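Here's the structure we're looking at; comments come further down.
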Amino acid sequence: GPALAAAVVVLLAAVRSAAAVDVDTILRAHLANTTNVLHPPAYSPGGKPVNVSVQVNVISLTRVDELSSTAVFTIFHRTSWTDPRLDVPELFEGNSVLQAEGVSLLGLQDDPDTYPVWVPDTYFTNAVDRIDEGELSETGRLLNLFPGGFLFFSRFEAWSFLQERLDLREFPEDTQDFEFNVGSYGYSTNMLRLQPLELGTANLEENPLWEFTGRTKFDLRTDFFFGSGQRLGYDVVQYRIQFARRSESYIIQHIIPVTVLMFFVSAIFWLRDNGSADRLHLSVTLLLTLAALTFVVTEGIPKVDYTTKTTEFVLFGFFLLFGSSCLHIV
């Protein structure tokens with residue numbers, strides 16, 4: 001009856017609570033009896049360099065600053081590796097849910113800025129400024145342990161990334177390859193080897209000014225430095241993602257007004273033959289109008305030390321009107 005059902009519910013709750021306590025107890029006991037758990041596996045006797053898989057999942061392109069050659073992206077920075085010292089079979093025996101979802105290790109940390117086990121110190125080598133995304137930046141972290149000592153670490157981040165000099169010659173119809181470089185801050189290839197996974201774009205959000213072209217690329221290189229009298233190598237994963245600028249707003253705001261002014265140049269010659277003064281007056285008026293419009297147009301053009309397609313088009317219109325004015329003076 002109802003009393004039996006209530007007793008069953010209470011018993012199940014007690015079993016679940018005990019299981020949760022058992023998991024926590026087993027983990028803490030295992031970590032307490034494991035040496036060098038805060039260091040990479042190579043610190044242990046017979047240890048070898050650990051292979052760390054790296055993946056960057058791009059969530060959004062927030063903004064691009066052409067003057068400083070920086071781009072702000074929000075991303076998931078994910079790494080996974082196997083640490084034999086954290087193989088705890090008793091955690092997962094008979095529990096298919098934990099085997100599939102893993103056991104979170106974040107609840108074991110005393111300090112929110114540290115981790116209870118060793119985590120690869122991968123970082124973005126071309127990141128120049130971290131962007132505060134509020135609570136998500138603090139809570140968007142995951143560190144799970146799976147059977148066999150397999151660990152998965154994921155964190156939500158937003159960074160301003162320094163790019164190679166952007167090529168804006170085709171502006172506003174330019175296409176840019178944006179870059180993320182991932183490396184280890186303190187571990188050479190003697191301790192850690194990076195293995196890149198494909199750049200993730202499945203959850204990429206739309207941007208009103210930039211369109212993802214669908215092209216991505218990744219490469220792995222090893223940079224060498226001399227330290228402590230020996231040559232040390234450090235793996236670096238280079239990701240590239242391509243975006244094309246959406247040119248519609250630039251065409252409407254900049255190109256079309258200049259085109260209309262250039263059209264009026266031909267209208268000048270429709271005036272009567274004895275209207276030279278009117279022609280000159282209209283030419284000068286159009287020239288001054290274009291000069292004023294140029295100040296507005298140049299506000300939307302990136303400040304670079306070479307001409308873009310938009311700059312060339314505006315200059316062409318300016319010289320066309322100037323030549324028309326000179327013709328009517330003569």
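Ordering of the structure tokens sets the chain letters (A, B, ...); residue numbers start at 1 within each chain; ligands are numbered from 1 in the order shown.
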Selection near range 48-58 of chain A, 7 Å with only C-alpha atoms, sequence-local residues under 5 positions removed, as number ranges by chain: A: 41-42, 74-81, 189-201, 204
All helix (DSSP H, G or I) residues (DSSP, backbone) inside range 69-235 of chain A, as a VMD selection string: chain A and resid 84 to 86 89 to 91 96 to 101 106 to 108 135 to 139 147 to 149
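Counting only C-alpha atoms and comparing A:Gly183, A:Gly140, A:Gly214, A:Pro45, the residue that lies closest to Ile241 in chain A is A:Gly214.
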Closest of A:Thr307, A:Thr289, A:Thr82, A:Ser283 to Leu320 in chain A - atom-to-atom distances counting only C-alpha atoms: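 Closest to Leu320 in chain A, using only C-alpha atoms: A:Ser283.
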Coordinates-based distance that separates CA of Ser104 in chain A from CA of Leu145 in chain A (Å, one decimal):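 Going from CA of Leu145 in chain A over to CA of Ser104 in chain A covers 6.3 Å.
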Residue nearest Phe92 in chain A among A:Asp22, A:Asp305, A:Asp132, A:Glu211 (counting only C-alpha atoms):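 Residue with the minimum atom-to-atom distance to Phe92 in chain A: A:Asp22.
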Between CA of Tyr115 in chain A and CA of Tyr187 in chain A - distance in Å to one decimal: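 Computed distance, CA of Tyr187 in chain A to CA of Tyr115 in chain A, equals 17.4 Å.
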